[in-house]
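**Q** Okay, handing you the structure first.
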Amino acid sequence: MKLKSFLILAVAMTFCFSASVVSAGNLVIKGSTTVLPIAQKVAEAYMKQNPDVKISISGGGSGNGIKALIDGSTDIADSSRFIKDKEVELAVEKGEYPVPFAVAYDCIVPVVHPSNPVMNLTMEQLKAVYQGEVKNWKEVGGPDRPIVVISRDTSSGTYEVWHKKVMKEERVFPGALLQASNGAIVQAVSKNKNAVGYIGLGYIDKSVKPLTVNGITGSKETTLNGTYPISRPLYMFTNGWPKGDTVNFINFVVHPQKGQKYVGEAGFVPLF
Amino acid sequence: MAKAHRKGKNRQQRERAIRVLFFGVALASITTLTLIVVFLFMEGLPILGKVSVKDFLFGHYWYPTDEPPDFGIFPLMVASLAVTVVSSLVSIPLGVMTAVYLAEVASSRIREWMKPIVELLAALPSVVIGFFGMVVVAPFLQRVFDIPTGLNLFNASLMLAFMSVPTICTLSEDAIFGVSRELKEASLALGATHWETIARVVIPASLSGICTAVILGMSRAIGETMVVLMVAGGAGLVPHSLFDPVRPMPASIAAEMAEAPFRSDHYHALFATGIVLFAFTLLFNLVADHIAHRYKQVGAATL
């Protein structure tokens with residue numbers, strides 16, 4: 001009998017403890033894989049300063065993040081695009097009001113194999129290449145080799161920017177190869193001397209060569225002063241105006257000396 | 001006496017409890033799977049309100065995010081079938097011949113070694129095979145055949161063949177090994193050589209098992225996602241050559257589902273693609289089942 005009451009007490013205490021952990025602050029962040037490295041770095045720094053707050057972060061894509069925000073399974077949704085009308089409708093139907101916070105800028109850069117002598121492509125040339133009209137590198141001042149066009153899956157945020165800014169809402173031709181992530185594009189381009197792809201500024205490494213667009217190098221400066229043509233803001237969405245830990249975290253993210261420092265470290269362009 | 005009676009009753013109760021337990025477990029797993037199928041259809045069918053079945057299955061363009069969107073999965077279906085057929089051209093001879101070797105030719109010591117190794121190959125994660133195809137095979141193909149890209153139909157088929165060989169081999173080997181001793185001995189007694197016995201007696205006798213193995217191997221290939229996502233290239237075109245990049249259905253679903261807005265047309269279209277994929281694998285499995293029953297060897301004398 002004694003043992004039984006002791007057990008009950010132990011169970012009750014465990015519940016109390018786990019409940020108190022929950023109330024001490026749990027943040028869930030989901031969404032765009034583009035924003036993921038920012039969220040990770042910032043969250044690490046935030047948790048170091050606020051050890052009682054636990055932040056769990058997962059990717060899954062902008063759409064999934066907003067989906068999760070609407071059905072209440074996340075506090076913050078990362079998104080590499082602005083929320084769509086249909087998603088707003090869905091949220092409003094449930095009586096929720098997603099609030100956007102721009103947290104960084106992304107700049108998307110065309111990349112080729114390091115052995116490719118081509119240095120620059122104009123927006124028109126890029127469009128023609130991705131429409132399948134220009135099929136050989138010699139047509140844009142390179143060697144006589146076929147161009148292997150690598151694009152992203154049509155539902156990624158990166159594709160959306162490319163589609164809007166470079167393609168002017170016209171279609172990437174169906175013969176373009178598809179890769180499902182920035183990393184996969186780097187991998188594919190670095191293994192193929194005929195290839196051209198596009199990735200976020202933060203994903204450029206030595207294995208691929210970034211091209212200039214209209215003669216402008218994609219960089220922090222050219223993105224912020226608006227001269228680089230293929231760039232976009234990145235967002236974090238909250239459900240209604242944020243409160244408690246969520247607002248503290250958002251404030252931390254957009255703070256010039258705190259969160260924004262890590263945005264730069266993650267390879268993106270900070271707001272300031 | 002009364003004690004023994006009680007004991008008997010207890011045992012009966014336990015027996016009944018166990019039966020209920022097992023029934024419950026079986027029911028739970030079957031219900032879950034059924035619900036998944038129901039869910040698949042519930043999420044996939046609404047797209048038919050937007051596009052006709054004909055446009056969906058035979059449309060040549062897959063631009064789900066454009067305005068207006070195009071939901072034609074014909075190139076995706078052709079790609080799935082193409083990688084499956086090409087990979088079976090590689091995996092069936094390899095798998096079946098290895099099985100014949102293991103069951104009939106190899107000494108029992110080699111057999112004891114080889115069989116677990118082949119079975120272990122089945123455990124290779126598909127992402128590892130995909131990575132191998134992407135990093136090693138693709139540049140190799142590109143260099144050797146001087147083609148624009150090594151991420152293509154051929155590469156994907158090869159990698160899928162690697163994945164289905166263990167399935168085909170293990171299952172065929174079981175079938176061949178199961179051919180009764182009397183049959184083989186009768187054949188040898190009639191003066192047939194070892195090779196003649198294998199070709200004319202053992203293989204025909206185990207044909208239904210081999211066919212089942214082949215079809216299960218193929219359905220593994222058609223449903224495989226990671227490999228085709230990584231090495232098939234992903235161009236939404238009907239392939240004209242063995243070295244064209246293709247985008248099989250699972251690759252499209254895996255690449256796009258994460259970012260498709262919830263309950264949008266794109267989302268429903270991806271689920272509908274899943275239904276088509278399900279129909280393909282279901283068909284394969286039904287055929288396998290049919291063959292297994294139709295040509296089942298009953299006893300030693302039915303040949």
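Here's how to read the names in the structure tokens: chain A, B, ... by the order shown, residue numbers from 1 in each chain, ligand numbers from 1 in the order shown.
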Give me, as JSON lines, each residue of chain B that comes within 6 Å of chain A, together with its shortest interatomic pair and the distance in Å at one decimal, counting only C-alpha atoms, with rows ordered by chain and rising residue number.
**A**
```
{"residue": "B:Gly233", "atom": "CA", "partner": "A:Leu177", "partner_atom": "CA", "distance": 5.1}
{"residue": "B:Gly234", "atom": "CA", "partner": "A:Leu178", "partner_atom": "CA", "distance": 4.4}
{"residue": "B:Ala235", "atom": "CA", "partner": "A:Leu177", "partner_atom": "CA", "distance": 4.5}
{"residue": "B:Gly236", "atom": "CA", "partner": "A:Pro174", "partner_atom": "CA", "distance": 5.0}
{"residue": "B:Leu237", "atom": "CA", "partner": "A:Pro174", "partner_atom": "CA", "distance": 5.8}
{"residue": "B:Ala255", "atom": "CA", "partner": "A:Ala180", "partner_atom": "CA", "distance": 5.3}
{"residue": "B:Glu256", "atom": "CA", "partner": "A:Ser155", "partner_atom": "CA", "distance": 5.5}
{"residue": "B:Ala258", "atom": "CA", "partner": "A:Gly61", "partner_atom": "CA", "distance": 5.4}
{"residue": "B:Glu259", "atom": "CA", "partner": "A:Gly63", "partner_atom": "CA", "distance": 4.4}
{"residue": "B:Ala260", "atom": "CA", "partner": "A:Gly63", "partner_atom": "CA", "distance": 5.7}
{"residue": "B:Pro261", "atom": "CA", "partner": "A:Gly63", "partner_atom": "CA", "distance": 5.0}
```
**Q** Any chance you could export the current selection's N, CA, C and O atoms as a PDB file, in the first residue's frame?
**A**
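Okay, this is what ended up in part-v5.pdb:
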```pdb
ATOM      1  N   GLY B 233      17.833  13.001 -62.690  1.00  0.00           N
ATOM      2  CA  GLY B 233      17.968  14.266 -63.404  1.00  0.00           C
ATOM      3  C   GLY B 233      16.777  15.167 -63.186  1.00  0.00           C
ATOM      4  O   GLY B 233      16.925  16.322 -62.854  1.00  0.00           O
ATOM      5  N   GLY B 234      15.576  14.639 -63.378  1.00  0.00           N
ATOM      6  CA  GLY B 234      14.396  15.407 -63.009  1.00  0.00           C
ATOM      7  C   GLY B 234      13.801  16.296 -64.083  1.00  0.00           C
ATOM      8  O   GLY B 234      13.034  17.188 -63.771  1.00  0.00           O
ATOM      9  N   ALA B 235      14.132  16.062 -65.365  1.00  0.00           N
ATOM     10  CA  ALA B 235      13.501  16.859 -66.410  1.00  0.00           C
ATOM     11  C   ALA B 235      12.133  16.279 -66.720  1.00  0.00           C
ATOM     12  O   ALA B 235      12.000  15.080 -66.920  1.00  0.00           O
ATOM     13  N   GLY B 236      11.113  17.131 -66.770  1.00  0.00           N
ATOM     14  CA  GLY B 236       9.749  16.657 -67.016  1.00  0.00           C
ATOM     15  C   GLY B 236       9.467  16.416 -68.472  1.00  0.00           C
ATOM     16  O   GLY B 236       8.503  16.952 -69.018  1.00  0.00           O
ATOM     17  N   LEU B 237      10.297  15.641 -69.122  1.00  0.00           N
ATOM     18  CA  LEU B 237      10.154  15.370 -70.554  1.00  0.00           C
ATOM     19  C   LEU B 237       9.968  13.888 -70.793  1.00  0.00           C
ATOM     20  O   LEU B 237      10.484  13.065 -70.043  1.00  0.00           O
ATOM     21  N   ALA B 255       9.857  15.923 -54.187  1.00  0.00           N
ATOM     22  CA  ALA B 255      10.477  17.235 -54.327  1.00  0.00           C
ATOM     23  C   ALA B 255       9.483  18.359 -54.068  1.00  0.00           C
ATOM     24  O   ALA B 255       9.847  19.416 -53.569  1.00  0.00           O
ATOM     25  N   GLU B 256       8.220  18.144 -54.421  1.00  0.00           N
ATOM     26  CA  GLU B 256       7.288  19.270 -54.405  1.00  0.00           C
ATOM     27  C   GLU B 256       6.346  19.303 -53.217  1.00  0.00           C
ATOM     28  O   GLU B 256       5.842  20.364 -52.854  1.00  0.00           O
ATOM     29  N   ALA B 258       6.643  19.158 -50.054  1.00  0.00           N
ATOM     30  CA  ALA B 258       6.983  19.965 -48.882  1.00  0.00           C
ATOM     31  C   ALA B 258       6.527  21.412 -49.034  1.00  0.00           C
ATOM     32  O   ALA B 258       6.145  22.054 -48.061  1.00  0.00           O
ATOM     33  N   GLU B 259       6.562  21.933 -50.247  1.00  0.00           N
ATOM     34  CA  GLU B 259       6.286  23.352 -50.426  1.00  0.00           C
ATOM     35  C   GLU B 259       4.922  23.619 -51.048  1.00  0.00           C
ATOM     36  O   GLU B 259       4.564  24.769 -51.272  1.00  0.00           O
ATOM     37  N   ALA B 260       4.178  22.558 -51.349  1.00  0.00           N
ATOM     38  CA  ALA B 260       2.872  22.783 -51.954  1.00  0.00           C
ATOM     39  C   ALA B 260       1.914  23.306 -50.892  1.00  0.00           C
ATOM     40  O   ALA B 260       1.792  22.716 -49.830  1.00  0.00           O
ATOM     41  N   PRO B 261       1.243  24.438 -51.170  1.00  0.00           N
ATOM     42  CA  PRO B 261       0.313  24.969 -50.170  1.00  0.00           C
ATOM     43  C   PRO B 261      -0.753  23.938 -49.816  1.00  0.00           C
ATOM     44  O   PRO B 261      -1.268  23.244 -50.691  1.00  0.00           O
TER      45      PRO B 261
END
```
**Q** Give me the residues within 8 Å of Thr212 of chain B as a ChimeraX atom specification, counting only C-alpha atoms and dropping any in the same chain fewer than 4 places off.
**A** /B:208,216,288-289,291-292
**Q** Would you save the residues from that selection as an mmCIF file, in the first residue's frame, using N, CA and C atoms?
**A**
```cif
data_model
loop_
_atom_site.group_PDB
_atom_site.id
_atom_site.type_symbol
_atom_site.label_atom_id
_atom_site.label_comp_id
_atom_site.auth_asym_id
_atom_site.auth_seq_id
_atom_site.Cartn_x
_atom_site.Cartn_y
_atom_site.Cartn_z
ATOM 1 N N SER B 208 6.971 -19.983 -61.283
ATOM 2 C CA SER B 208 6.010 -19.092 -60.638
ATOM 3 C C SER B 208 6.704 -18.300 -59.525
ATOM 4 N N LEU B 216 7.960 -8.482 -57.721
ATOM 5 C CA LEU B 216 8.169 -7.749 -56.468
ATOM 6 C C LEU B 216 9.394 -6.848 -56.588
ATOM 7 N N ALA B 288 1.649 -10.513 -59.627
ATOM 8 C CA ALA B 288 2.525 -11.449 -58.928
ATOM 9 C C ALA B 288 1.696 -12.499 -58.204
ATOM 10 N N ASP B 289 0.663 -12.056 -57.544
ATOM 11 C CA ASP B 289 -0.209 -12.947 -56.794
ATOM 12 C C ASP B 289 -0.877 -13.960 -57.718
ATOM 13 N N ILE B 291 0.093 -14.921 -60.735
ATOM 14 C CA ILE B 291 1.061 -15.887 -61.264
ATOM 15 C C ILE B 291 1.386 -16.933 -60.214
ATOM 16 N N ALA B 292 1.577 -16.469 -58.988
ATOM 17 C CA ALA B 292 1.933 -17.392 -57.920
ATOM 18 C C ALA B 292 0.857 -18.462 -57.738
#
```
**Q** So what do you get for atom CA of His293 of chain B versus atom CA of Val90 of chain B, distance-wise?
**A**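 Between atom CA of His293 of chain B and atom CA of Val90 of chain B the gap works out to 26.4 Å.
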**Q** Give me, as a ChimeraX atom specification, all polymer residues having an atom no more than 8 Å from Thr212 of chain A, counting only C-alpha atoms and skipping those fewer than 5 positions away in the same chain.
**A** /A:109-110,119-121,217-218
**Q** So which residues touch Gly95 of chain B within 9 Å, counting only C-alpha atoms, skipping near sequence neighbours fewer than 2 positions away, as a ChimeraX atom specification?
**A** /B:90-93,97-100,164-170,172,214
**Q** So, with only C-alpha atoms as the atoms that count, which of A:Lys30, A:Lys168, A:Lys41, A:Lys54 lies closest to Asp75 of chain A?
**A** A:Lys30
**Q** Looking at B:Ala79, B:Ile176, B:Ala199, B:Leu183, which one is nearest to Leu229 of chain B, with distances taken over only C-alpha atoms?
**A**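 Among B:Ala79, B:Ile176, B:Ala199, B:Leu183, it is B:Ala79 that comes nearest to Leu229 of chain B.
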**Q** When you count only C-alpha atoms, which of these residues is closest to Pro64 of chain B: B:Ala28, B:Val202, B:Leu153, B:Ala269?
**A**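 Smallest distance to Pro64 of chain B is found for B:Ala269.
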